[in-house]
>>> print(open('run.pdb').read())   # PDB, C-alpha atoms
MODEL        1
ATOM      1  CA  MET A   1     -30.014 -41.301 -17.559
ATOM      2  CA  LEU A   2     -31.525 -37.968 -18.648
ATOM      3  CA  GLY A   3     -34.920 -39.373 -17.682
ATOM      4  CA  LEU A   4     -33.762 -39.452 -14.058
ATOM      5  CA  PHE A   5     -33.436 -35.685 -14.072
ATOM      6  CA  LEU A   6     -36.471 -34.843 -16.140
ATOM      7  CA  ALA A   7     -38.900 -37.036 -14.274
ATOM      8  CA  HIS A   8     -42.543 -36.167 -14.170
ATOM      9  CA  PRO A   9     -43.375 -34.580 -10.760
ATOM     10  CA  LYS A  10     -46.088 -37.143  -9.991
ATOM     11  CA  ARG A  11     -43.936 -40.113 -10.979
ATOM     12  CA  PRO A  12     -40.562 -39.947  -9.214
ATOM     13  CA  ALA A  13     -37.674 -41.301 -11.272
ATOM     14  CA  VAL A  14     -35.737 -42.696  -8.339
ATOM     15  CA  ILE A  15     -37.081 -45.186  -5.817
ATOM     16  CA  GLY A  16     -37.613 -43.429  -2.501
ATOM     17  CA  MET A  17     -37.860 -39.997  -4.106
ATOM     18  CA  ASN A  18     -41.142 -38.209  -3.564
ATOM     19  CA  ALA A  19     -42.815 -35.881  -6.069
ATOM     20  CA  ARG A  20     -41.627 -32.661  -4.355
ATOM     21  CA  ASN A  21     -37.978 -33.786  -4.428
ATOM     22  CA  ALA A  22     -38.337 -34.694  -8.111
ATOM     23  CA  VAL A  23     -39.657 -31.192  -8.857
ATOM     24  CA  ASN A  24     -36.788 -29.613  -6.883
ATOM     25  CA  LEU A  25     -34.307 -31.788  -8.772
ATOM     26  CA  ASN A  26     -35.860 -30.780 -12.093
ATOM     27  CA  THR A  27     -35.738 -27.096 -11.111
ATOM     28  CA  SER A  28     -32.075 -27.414 -10.087
ATOM     29  CA  ILE A  29     -31.148 -29.145 -13.326
ATOM     30  CA  LYS A  30     -32.959 -26.504 -15.396
ATOM     31  CA  ALA A  31     -31.182 -23.716 -13.477
ATOM     32  CA  MET A  32     -27.827 -25.425 -14.021
ATOM     33  CA  LEU A  33     -28.518 -25.913 -17.737
ATOM     34  CA  ASN A  34     -29.509 -22.236 -18.012
ATOM     35  CA  GLN A  35     -26.145 -21.249 -16.554
ATOM     36  CA  VAL A  36     -24.263 -23.637 -18.852
ATOM     37  CA  ILE A  37     -26.044 -22.065 -21.829
ATOM     38  CA  ASN A  38     -25.239 -18.586 -20.500
ATOM     39  CA  VAL A  39     -21.532 -19.329 -19.980
ATOM     40  CA  GLY A  40     -21.228 -21.088 -23.340
ATOM     41  CA  TRP A  41     -22.743 -18.190 -25.300
ATOM     42  CA  THR A  42     -20.654 -15.675 -23.351
ATOM     43  CA  ILE A  43     -17.395 -17.495 -24.102
ATOM     44  CA  ALA A  44     -18.304 -17.869 -27.783
ATOM     45  CA  GLY A  45     -19.436 -14.250 -28.055
ATOM     46  CA  PHE A  46     -16.510 -12.652 -26.272
ATOM     47  CA  PHE A  47     -13.757 -14.821 -27.750
ATOM     48  CA  PRO A  48     -13.192 -12.836 -30.984
ATOM     49  CA  VAL A  49     -13.317  -9.511 -29.125
ATOM     50  CA  CYS A  50     -10.870 -10.670 -26.444
ATOM     51  CA  TYR A  51      -8.614 -12.174 -29.092
ATOM     52  CA  PHE A  52      -8.555  -8.884 -31.013
ATOM     53  CA  TRP A  53      -7.664  -6.856 -27.935
ATOM     54  CA  PHE A  54      -5.048  -9.461 -26.950
ATOM     55  CA  LEU A  55      -3.406  -8.990 -30.348
ATOM     56  CA  GLN A  56      -3.895  -5.222 -30.332
ATOM     57  CA  GLY A  57      -2.744  -4.673 -26.789
ATOM     58  CA  ILE A  58      -4.645  -2.817 -24.115
ATOM     59  CA  GLN A  59      -4.050   0.837 -24.912
ATOM     60  CA  TRP A  60      -6.074   4.051 -24.664
ATOM     61  CA  PRO A  61      -8.591   3.117 -27.436
ATOM     62  CA  PHE A  62      -9.646   0.095 -25.392
ATOM     63  CA  TYR A  63     -10.409   2.251 -22.358
ATOM     64  CA  VAL A  64     -12.305   4.813 -24.438
ATOM     65  CA  LEU A  65     -14.476   2.081 -25.960
ATOM     66  CA  VAL A  66     -15.109   0.428 -22.588
ATOM     67  CA  PHE A  67     -16.097   3.772 -21.061
ATOM     68  CA  ALA A  68     -18.393   4.637 -23.984
ATOM     69  CA  SER A  69     -20.118   1.263 -23.868
ATOM     70  CA  LEU A  70     -20.530   1.337 -20.075
ATOM     71  CA  ALA A  71     -22.062   4.800 -20.323
ATOM     72  CA  SER A  72     -24.917   3.275 -22.334
ATOM     73  CA  CYS A  73     -25.978   1.287 -19.251
ATOM     74  CA  PHE A  74     -27.111   4.547 -17.713
ATOM     75  CA  PHE A  75     -29.379   5.634 -20.554
ATOM     76  CA  PRO A  76     -32.932   6.289 -19.376
ATOM     77  CA  GLU A  77     -35.564   3.652 -20.153
ATOM     78  CA  ALA A  78     -37.148   6.052 -22.681
ATOM     79  CA  ILE A  79     -34.128   5.648 -24.958
ATOM     80  CA  TYR A  80     -34.413   1.875 -24.865
ATOM     81  CA  LYS A  81     -38.119   2.164 -25.702
ATOM     82  CA  LYS A  82     -37.241   4.280 -28.748
ATOM     83  CA  LEU A  83     -34.648   1.714 -29.830
ATOM     84  CA  ALA A  84     -37.267  -1.048 -29.963
ATOM     85  CA  ILE A  85     -37.887  -1.906 -33.587
ATOM     86  CA  SER A  86     -41.603  -2.568 -33.143
ATOM     87  CA  ASN A  87     -44.500  -2.941 -30.720
ATOM     88  CA  ASP A  88     -45.815  -5.872 -32.740
ATOM     89  CA  GLN A  89     -44.801  -9.428 -31.794
ATOM     90  CA  ARG A  90     -45.186 -10.538 -35.426
ATOM     91  CA  VAL A  91     -42.208  -8.401 -36.511
ATOM     92  CA  TYR A  92     -39.976 -10.170 -34.011
ATOM     93  CA  ARG A  93     -41.309 -13.587 -35.026
ATOM     94  CA  ARG A  94     -40.457 -12.813 -38.675
ATOM     95  CA  LEU A  95     -36.920 -11.957 -37.574
ATOM     96  CA  GLY A  96     -36.561 -15.427 -36.041
ATOM     97  CA  VAL A  97     -36.816 -14.521 -32.371
ATOM     98  CA  LYS A  98     -39.083 -17.486 -31.567
ATOM     99  CA  PHE A  99     -36.396 -19.807 -32.959
ATOM    100  CA  ILE A 100     -33.571 -18.019 -31.136
ATOM    101  CA  ARG A 101     -35.352 -18.192 -27.773
ATOM    102  CA  LYS A 102     -34.815 -21.953 -27.768
ATOM    103  CA  PHE A 103     -31.091 -21.279 -27.341
ATOM    104  CA  ALA A 104     -31.332 -18.466 -24.797
ATOM    105  CA  GLN A 105     -31.255 -18.483 -21.026
ATOM    106  CA  ASP A 106     -34.888 -18.470 -19.834
ATOM    107  CA  GLY A 107     -35.895 -18.034 -23.482
ATOM    108  CA  ASN A 108     -39.215 -19.838 -23.188
ATOM    109  CA  PHE A 109     -40.471 -17.988 -20.117
ATOM    110  CA  GLN A 110     -44.250 -18.210 -19.910
ATOM    111  CA  PRO A 111     -46.086 -15.553 -17.879
ATOM    112  CA  SER A 112     -48.150 -17.151 -15.105
ATOM    113  CA  HIS A 113     -48.645 -14.763 -12.184
ATOM    114  CA  GLY A 114     -48.165 -11.058 -11.516
ATOM    115  CA  ILE A 115     -45.236 -10.984  -9.083
ATOM    116  CA  GLY A 116     -43.056 -13.374 -11.080
ATOM    117  CA  VAL A 117     -43.895 -11.547 -14.284
ATOM    118  CA  LYS A 118     -43.005  -8.127 -12.865
ATOM    119  CA  ASN A 119     -39.700  -9.520 -11.562
ATOM    120  CA  TYR A 120     -39.003 -11.069 -14.949
ATOM    121  CA  LEU A 121     -39.731  -7.730 -16.642
ATOM    122  CA  GLN A 122     -37.025  -6.095 -14.510
ATOM    123  CA  LYS A 123     -34.678  -8.968 -15.322
ATOM    124  CA  ILE A 124     -35.121  -8.623 -19.080
ATOM    125  CA  GLN A 125     -34.636  -4.859 -18.866
ATOM    126  CA  MET A 126     -31.299  -5.560 -17.181
ATOM    127  CA  PHE A 127     -30.426  -8.125 -19.898
ATOM    128  CA  GLU A 128     -31.329  -5.598 -22.590
ATOM    129  CA  ARG A 129     -29.029  -2.980 -21.059
ATOM    130  CA  TYR A 130     -26.196  -5.497 -20.693
ATOM    131  CA  HIS A 131     -26.447  -6.640 -24.312
ATOM    132  CA  PHE A 132     -26.751  -3.062 -25.570
ATOM    133  CA  CYS A 133     -23.588  -2.152 -23.664
ATOM    134  CA  CYS A 134     -21.832  -5.176 -25.203
ATOM    135  CA  LEU A 135     -23.248  -4.324 -28.638
ATOM    136  CA  ILE A 136     -21.601  -0.906 -28.527
ATOM    137  CA  PHE A 137     -18.269  -2.346 -27.366
ATOM    138  CA  PHE A 138     -18.317  -5.188 -29.922
ATOM    139  CA  GLN A 139     -19.260  -2.894 -32.795
ATOM    140  CA  ALA A 140     -16.672  -0.286 -31.854
ATOM    141  CA  SER A 141     -14.071  -3.066 -31.571
ATOM    142  CA  SER A 142     -15.104  -4.362 -34.998
ATOM    143  CA  VAL A 143     -14.700  -0.897 -36.542
ATOM    144  CA  TYR A 144     -11.346  -0.456 -34.791
ATOM    145  CA  ALA A 145     -10.187  -3.861 -36.080
ATOM    146  CA  CYS A 146     -11.183  -2.806 -39.608
ATOM    147  CA  TYR A 147      -9.308   0.489 -39.119
ATOM    148  CA  ASN A 148      -6.244  -1.582 -38.202
ATOM    149  CA  GLU A 149      -6.718  -3.659 -41.383
ATOM    150  CA  GLN A 150      -7.672  -6.825 -39.519
ATOM    151  CA  TYR A 151     -10.632  -7.466 -41.789
ATOM    152  CA  ALA A 152     -11.259 -11.142 -40.993
ATOM    153  CA  LEU A 153     -11.240 -10.441 -37.280
ATOM    154  CA  SER A 154     -13.440  -7.384 -37.796
ATOM    155  CA  PHE A 155     -16.009  -9.515 -39.642
ATOM    156  CA  THR A 156     -15.819 -12.235 -36.962
ATOM    157  CA  ILE A 157     -16.474  -9.680 -34.211
ATOM    158  CA  PHE A 158     -19.345  -8.255 -36.265
ATOM    159  CA  ALA A 159     -20.886 -11.735 -36.671
ATOM    160  CA  ALA A 160     -20.422 -12.474 -32.956
ATOM    161  CA  ASN A 161     -22.111  -9.170 -32.198
ATOM    162  CA  ILE A 162     -25.203 -10.163 -34.164
ATOM    163  CA  ILE A 163     -25.429 -13.571 -32.503
ATOM    164  CA  TYR A 164     -24.451 -12.558 -28.972
ATOM    165  CA  ASN A 165     -26.029  -9.096 -28.735
ATOM    166  CA  VAL A 166     -28.466  -8.195 -31.516
ATOM    167  CA  TYR A 167     -30.631 -11.297 -31.251
ATOM    168  CA  PRO A 168     -30.724 -11.240 -27.436
ATOM    169  CA  ILE A 169     -31.786  -7.578 -27.553
ATOM    170  CA  LEU A 170     -34.541  -8.494 -30.001
ATOM    171  CA  LEU A 171     -35.536 -11.366 -27.707
ATOM    172  CA  GLN A 172     -35.738  -9.024 -24.717
ATOM    173  CA  GLN A 173     -37.842  -6.549 -26.701
ATOM    174  CA  TYR A 174     -40.145  -9.382 -27.827
ATOM    175  CA  ASN A 175     -40.483 -10.695 -24.264
ATOM    176  CA  LYS A 176     -41.142  -7.183 -22.979
ATOM    177  CA  ILE A 177     -44.073  -6.862 -25.405
ATOM    178  CA  ARG A 178     -45.429 -10.249 -24.306
ATOM    179  CA  ILE A 179     -45.142  -9.419 -20.612
ATOM    180  CA  LEU A 180     -46.636  -5.947 -20.895
ATOM    181  CA  LYS A 181     -49.544  -7.453 -22.826
ATOM    182  CA  PHE A 182     -50.011 -10.076 -20.081
ATOM    183  CA  LEU A 183     -49.914  -7.432 -17.318
ATOM    184  CA  LYS A 184     -52.427  -5.280 -19.189
ATOM    185  CA  GLN A 185     -54.786  -8.222 -19.768
ATOM    186  CA  HIS A 186     -54.696  -9.135 -16.063
ATOM    187  CA  GLY A 187     -54.909  -5.586 -14.753
ATOM    188  CA  LEU A 188     -51.523  -5.750 -13.044
TER     189      LEU A 188
ENDMDL
END
>>> encode(input="run.pdb", output="structure tokens")
Amino acid sequence: MLGLFLAHPKRPAVIGMNARNAVNLNTSIKAMLNQVINVGWTIAGFFPVCYFWFLQGIQWPFYVLVFASLASCFFPEAIYKKLAISNDQRVYRRLGVKFIRKFAQDGNFQPSHGIGVKNYLQKIQMFERYHFCCLIFFQASSVYACYNEQYALSFTIFAANIIYNVYPILLQQYNKIRILKFLKQHGL
């Protein structure tokens, strides 16, 4: 059954389907799978944080932490450049980013032409800001949970933060290096 959706563009999987329709079907399935991956990781990542705040109750500390984390979305790009751990792709590979990209939305993006690459660069900068904002909120929630002596929940939020935010930020930084290198090589 999966073969129907992942048909080779020159060999349609369904009788009466031409190669262009097979490619469109493949593109639609890949887009849908990307969204399923995105929603799944988001639910898994946010669950411990939402559970903590459900138990804690939405009070003034929640609003302070949300405001502080949202403020990070407006940091200038120079700050995000300084937060990058390296300009060398090998550092990110040693940290397991190549493995993690298999599980990420659009994780295996391959640069192919200038316009798409420039658009993708803007997209990953947005992803980096989003995950940094979440990183601040998750970490502050983890510290607040520890302050309230909810140690197991604090550790769970901390672990979710690494999986849901730290590795995606590293992935975005790695992809940014790859794309900037591609643009430089092609004079774009």
>>> resolve_selection(input="run.pdb", expression="the PyMOL selection byres ((chain A and resi 155-160) around 12)", output="PyMOL selection string")
chain A and resi 41-53+134-146+149-154+161-168
>>> atom_distance(input="run.pdb", atom1="CA of Ala71 in chain A", atom2="CA of Phe103 in chain A")
28.5 Å
>>> residues_around(input="run.pdb", residues="Arg93 in chain A", least_positions_apart="2", cutoff="12 Å", atoms="only C-alpha atoms", output="count of residues only")
20
>>> closest_residue(input="run.pdb", among="A:Ala68, A:Cys73, A:Ala78, A:Ala104", to="Asn34 in chain A", atoms="only C-alpha atoms")
A:Ala104
>>> atom_distance(input="run.pdb", atom1="CA of Leu180 in chain A", atom2="CA of Leu121 in chain A")
8.3 Å
>>> axis_aligned_box(input="run.pdb", around="range 135-149 of chain A", padding_each_side="4 Å", output="AutoDock Vina command-line options")
--center_x -14.7 --center_y -2.3 --center_z -34.4 --size_x 25.0 --size_y 13.7 --size_z 22.0
>>> atom_distance(input="run.pdb", atom1="CA of Leu70 in chain A", atom2="CA of Cys133 in chain A")
5.9 Å
>>> closest_residue(input="run.pdb", among="A:Ile169, A:Val36, A:Ile85, A:Leu183", to="Asn119 in chain A", atoms="all atoms listed in the file")
A:Leu183
>>> closest_residue(input="run.pdb", among="A:Gln125, A:Arg94, A:Tyr120, A:Ile29", to="Pro76 in chain A", atoms="all atoms listed in the file")
A:Gln125
